[in-house]
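Colleague: This is the structure I want to talk about, given as structure tokens.
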Amino acid sequence: MRLKKHPILDVTEKRKIDFYFDGRPMSGKEGDTIAAALHASGIKVLSKSIKDGRNRGLYCAIGNCGSCHMTVDGIPNVKTCITELKDGMVVESQKGLGRLE
Amino acid sequence: MTEKELMIIGAGPAGLSAAKVALEAGCGVTIVDRNKYPGGQLAKQTHKFFGSEKQYAKTRGFDIAGILKSNLGKYHDKLDILTDTTAVGLYKDHVLTTLSNEEYRKYHAQAYIMATGASEKFLAFENNDLPGIFGAGAVQTLMNLYGVLPGKEVVMVGSGNIGLIVTYQLMQAGVTVKAILEAAPTIGGYKVHAAKIARLGVPIYVSTTIKKAIGDKELEKVVTVSLDESWKEIPGTEKEIYCDTLTIAVGLSPLHQLMSMAGVKMKYVKELGGLVPLLDKRLETSMDNVFACGDVSGIEEASSAMAEGALAGLFAAENLGYRHPDFDKLVADFEKQLQDLRQGPSGTKIRRGLERLGERS
């Protein structure tokens, strides 16, 4: 969900950015981070915990905690809370540690 | 390896204020920040600040970020701002490593100012890892920077200023805040904020904490519990509140990792938020020409971070042979500002913390 109106913030509609999440076509807005775009589309589960496979979501949103690590364009452990969304990005939920190809 | 004069880690209120005075003194400055834009956490602060005019009181946080940035505009030939760049290592031989765009780089600077800020503390309770549970600052980032709402119904843990301000901002954005929980018997933040929240009809439950979160895939509800005088749970006082979002505002802890890694002498001081560097009166750490300022040297407000940042900038530049033309006047002025900001009952905690740290005046 996105802000529709706000007493202080500018909420003008921004350009649409198309991307893929776990194979599904999705869209965000220009300037979004990957995590922000996913949240706006109602996606809160971003990864699975390494040991027990528990659901993980956004926690700190400033690139610190690692709870939002996802695989982006084949690269694992991308901090999606500080990585800007780009057209055509392939975003995947990450299971486990991720490894070098 | 790239040689630099002064490198500042963190482009928040402390780092940007340090950069301004160092540049004025004639020192070359490189700022490193992992975010896309400088400004640090000011960029998401939609509220007007308190304090005095010198710390931009009555100005909204994101506007202060704009002012601090534009202050640096005329020094572009001496200034390099590396955004989207994470400082990942600091070593004893004054080498700093960074990661940006999948590229690893090495720098060697004559002096460093560590202005890395802080991160939000977490809380231990059952199922605290369910998606839908956020740091309060994270929710602020989502809403105020990206215009994205965290959910529909929120329970806030913590009634300090961050908890109260973020509650207000959630309501401004049209989100329902069902309750604020406060483990202490009294509200932590300024009364003026608390009164505003109370007028909007949000209940603040004191001596109450979160016992557990419940949800299958994501957060669905929370269970709260009352605490007695010795902070023990009172059996039978559990209550359920349905919510899709839980925000944790139980304080901040300094982002000390780079300094700890380099072997800077640190001390755990609860009142300052956690592990902080020992500093001398010139804000220099145990490592030569490595300075620290802002939340990383003790959790305070953005206003104190700006004053402390300016002091660190003045001292670091002086160490490198660039004495600011107004050095004495500015040092006296910023020290006075800090002293004033730390006065009164709201400064008790920081004064006690600095006393326990012991090295500074």
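By order in the structure tokens, chains are A, B, ...; within a chain, residues start at 1; ligands start at 1, following the order shown.
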Write out as an NGL selection string every residue belonging to chain A that has an atom at most 9 Å from any atom of chain B, counting only C-alpha atoms.
Modeller: :A and (1-11 or 29 or 31-33 or 35-37 or 39-40 or 42 or 44-46 or 54-65 or 82-84)
Colleague: Do you know which residues are at most 10 Å from A:Lys51 counting only C-alpha atoms, after dropping those on the same chain fewer than 3 positions away, and could you put them as a list in words?
Modeller: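 Counting only C-alpha atoms, the residues come to Lys48, Arg54, Lys95, Gly96 and Leu97 of chain A.
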Colleague: Selection from above, N, CA and C atoms, as a PDB file, in the first residue's frame, can you write it?
Modeller:
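The result, stored in part13.pdb:
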```pdb
ATOM      1  N   LYS A  48      14.338 -16.612   3.979  1.00  0.00           N
ATOM      2  CA  LYS A  48      14.156 -17.655   5.004  1.00  0.00           C
ATOM      3  C   LYS A  48      15.397 -17.641   5.890  1.00  0.00           C
ATOM      4  N   ARG A  54      12.881 -20.121   8.880  1.00  0.00           N
ATOM      5  CA  ARG A  54      11.741 -19.275   9.294  1.00  0.00           C
ATOM      6  C   ARG A  54      11.640 -18.048   8.394  1.00  0.00           C
ATOM      7  N   LYS A  95      16.982 -18.511   0.119  1.00  0.00           N
ATOM      8  CA  LYS A  95      16.919 -19.577   1.105  1.00  0.00           C
ATOM      9  C   LYS A  95      18.347 -19.938   1.484  1.00  0.00           C
ATOM     10  N   GLY A  96      18.653 -19.803   2.753  1.00  0.00           N
ATOM     11  CA  GLY A  96      20.004 -20.153   3.192  1.00  0.00           C
ATOM     12  C   GLY A  96      21.025 -19.069   2.917  1.00  0.00           C
ATOM     13  N   LEU A  97      22.288 -19.487   2.929  1.00  0.00           N
ATOM     14  CA  LEU A  97      23.376 -18.519   2.887  1.00  0.00           C
ATOM     15  C   LEU A  97      23.622 -17.864   1.529  1.00  0.00           C
TER      16      LEU A  97
END
```
Colleague: Given only C-alpha atoms as the basis, pick out the residue of A:Gly88, A:Asp52, A:Lys16, A:Arg99 nearest to A:Ile75.
Modeller: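 The answer is A:Arg99, which sits nearest to A:Ile75.
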Colleague: Using only C-alpha atoms, I'd like a table of the residues in stretch 278-304 of chain B that come within 10 Å of stretch 317-337 of chain B; for each, show the closest atom pair and its distance in Å rounded to one decimal, ordered by chain and ascending number, as CSV.
Modeller:
```
residue,atom,partner,partner_atom,distance
B:Arg282,CA,B:Val331,CA,9.8
B:Asp288,CA,B:Asn319,CA,9.8
B:Asn289,CA,B:Asn319,CA,7.3
B:Ser303,CA,B:Gln337,CA,9.1
B:Ser304,CA,B:Gln337,CA,7.9
```
Colleague: Those same residues - C-alpha atoms - I'd like them written as a CSV table (one decimal), in the first residue's frame.
Modeller:
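New file selection-v5.csv:
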```csv
chain,number,residue,atom,x,y,z
B,282,ARG,CA,39.5,16.7,21.0
B,288,ASP,CA,46.0,8.4,16.1
B,289,ASN,CA,44.0,10.7,13.9
B,303,SER,CA,21.3,18.6,17.3
B,304,SER,CA,24.2,17.3,19.5
```
Colleague: Could you check which of B:Gln110, B:Ser17, B:Ser100, B:Gly273 is closest to A:Val78, using only C-alpha atoms?
Modeller: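 Counting only C-alpha atoms, the residue closest to A:Val78 is B:Ser100.
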Colleague: I'd like the interatomic distance between atom CA of B:Tyr107 and atom CA of B:Glu5, to a tenth of an Å.
Modeller: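 Here the two named atoms are 10.3 Å from each other.
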Colleague: When distances are computed from only C-alpha atoms, which of A:Ile34, A:Gly66, A:Val72, A:Phe19 shows the smallest separation from A:Ser49?
Modeller: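 Of A:Ile34, A:Gly66, A:Val72, A:Phe19, the one nearest A:Ser49, counting only C-alpha atoms, is A:Gly66.
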Colleague: Quick one: residues within 9 Å of B:Glu240, only C-alpha atoms counted, chain neighbours fewer than 6 positions away excluded, as a PDB file with C-alpha atoms, in the first residue's frame?
Modeller:
```pdb
ATOM      1  CA  LYS B 221      -1.575 -10.500  16.612  1.00  0.00           C
ATOM      2  CA  VAL B 222       0.479  -9.817  19.728  1.00  0.00           C
ATOM      3  CA  VAL B 223       0.103 -10.812  23.374  1.00  0.00           C
ATOM      4  CA  THR B 224       0.927  -8.140  25.954  1.00  0.00           C
TER       5      THR B 224
END
```
Colleague: Between B:Pro235, B:Pro254, B:Pro13, B:Gly73, which has the minimum distance to B:Tyr56 (counting only C-alpha atoms)?
Modeller: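 Selected residue with least distance to B:Tyr56: B:Pro13.
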Colleague: From stretch 22-91 of chain A, collect each residue whose DSSP state is strand (DSSP E or B) and return the set as an MDAnalysis selection string.
Modeller: chainID A and resid 24:29 33 47:48 55:56 69:72 75:79 84 90:91
Colleague: Near A:Glu92, counting only C-alpha atoms, which residues have an atom at most 6 Å away, once you skip same-chain residues fewer than 6 positions from it, shown as a PDB file with C-alpha atoms, in the first residue's frame?
Modeller:
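As a result, result_33.pdb now contains:
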```pdb
ATOM      1  CA  PHE A  21       9.674 -11.403  -7.939  1.00  0.00           C
ATOM      2  CA  ASP A  22      10.061 -15.188  -7.749  1.00  0.00           C
ATOM      3  CA  THR A  71      19.030 -12.825  -4.563  1.00  0.00           C
TER       4      THR A  71
END
```
Colleague: Of the candidates A:Asp87, A:Leu100, A:Thr80, A:Ser93, which shows the shortest atom-to-atom distance to A:Pro25, using only C-alpha atoms?
Modeller: A:Asp87
Colleague: Neighbouring residues of stretch 256-267 of chain B were defined as those with any atom within 7 Å, considering only C-alpha atoms; residues of the same chain fewer than 6 positions away were excluded. Please report them as a ChimeraX atom specification.
Modeller: /B:89-92,275-278,285-287,296
Colleague: Restricting the calculation to only C-alpha atoms: of B:Ala179, B:Ile214, B:Ile162, B:Ala87, which residue gets closest to B:Phe125?
Modeller: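 Ranked by minimum distance to B:Phe125, first place goes to B:Ile214.
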Colleague: Take atom CA of B:Gly251 and atom CA of B:Gly160 and report the distance between them in Å, one decimal.
Modeller: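 Atom CA of B:Gly251 sits 7.9 Å away from atom CA of B:Gly160.
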Colleague: Please return, as an NGL selection string, all residues of chain A that DSSP assigns to alpha helix (DSSP H) on the basis of the backbone.
Modeller: :A and (34-40)
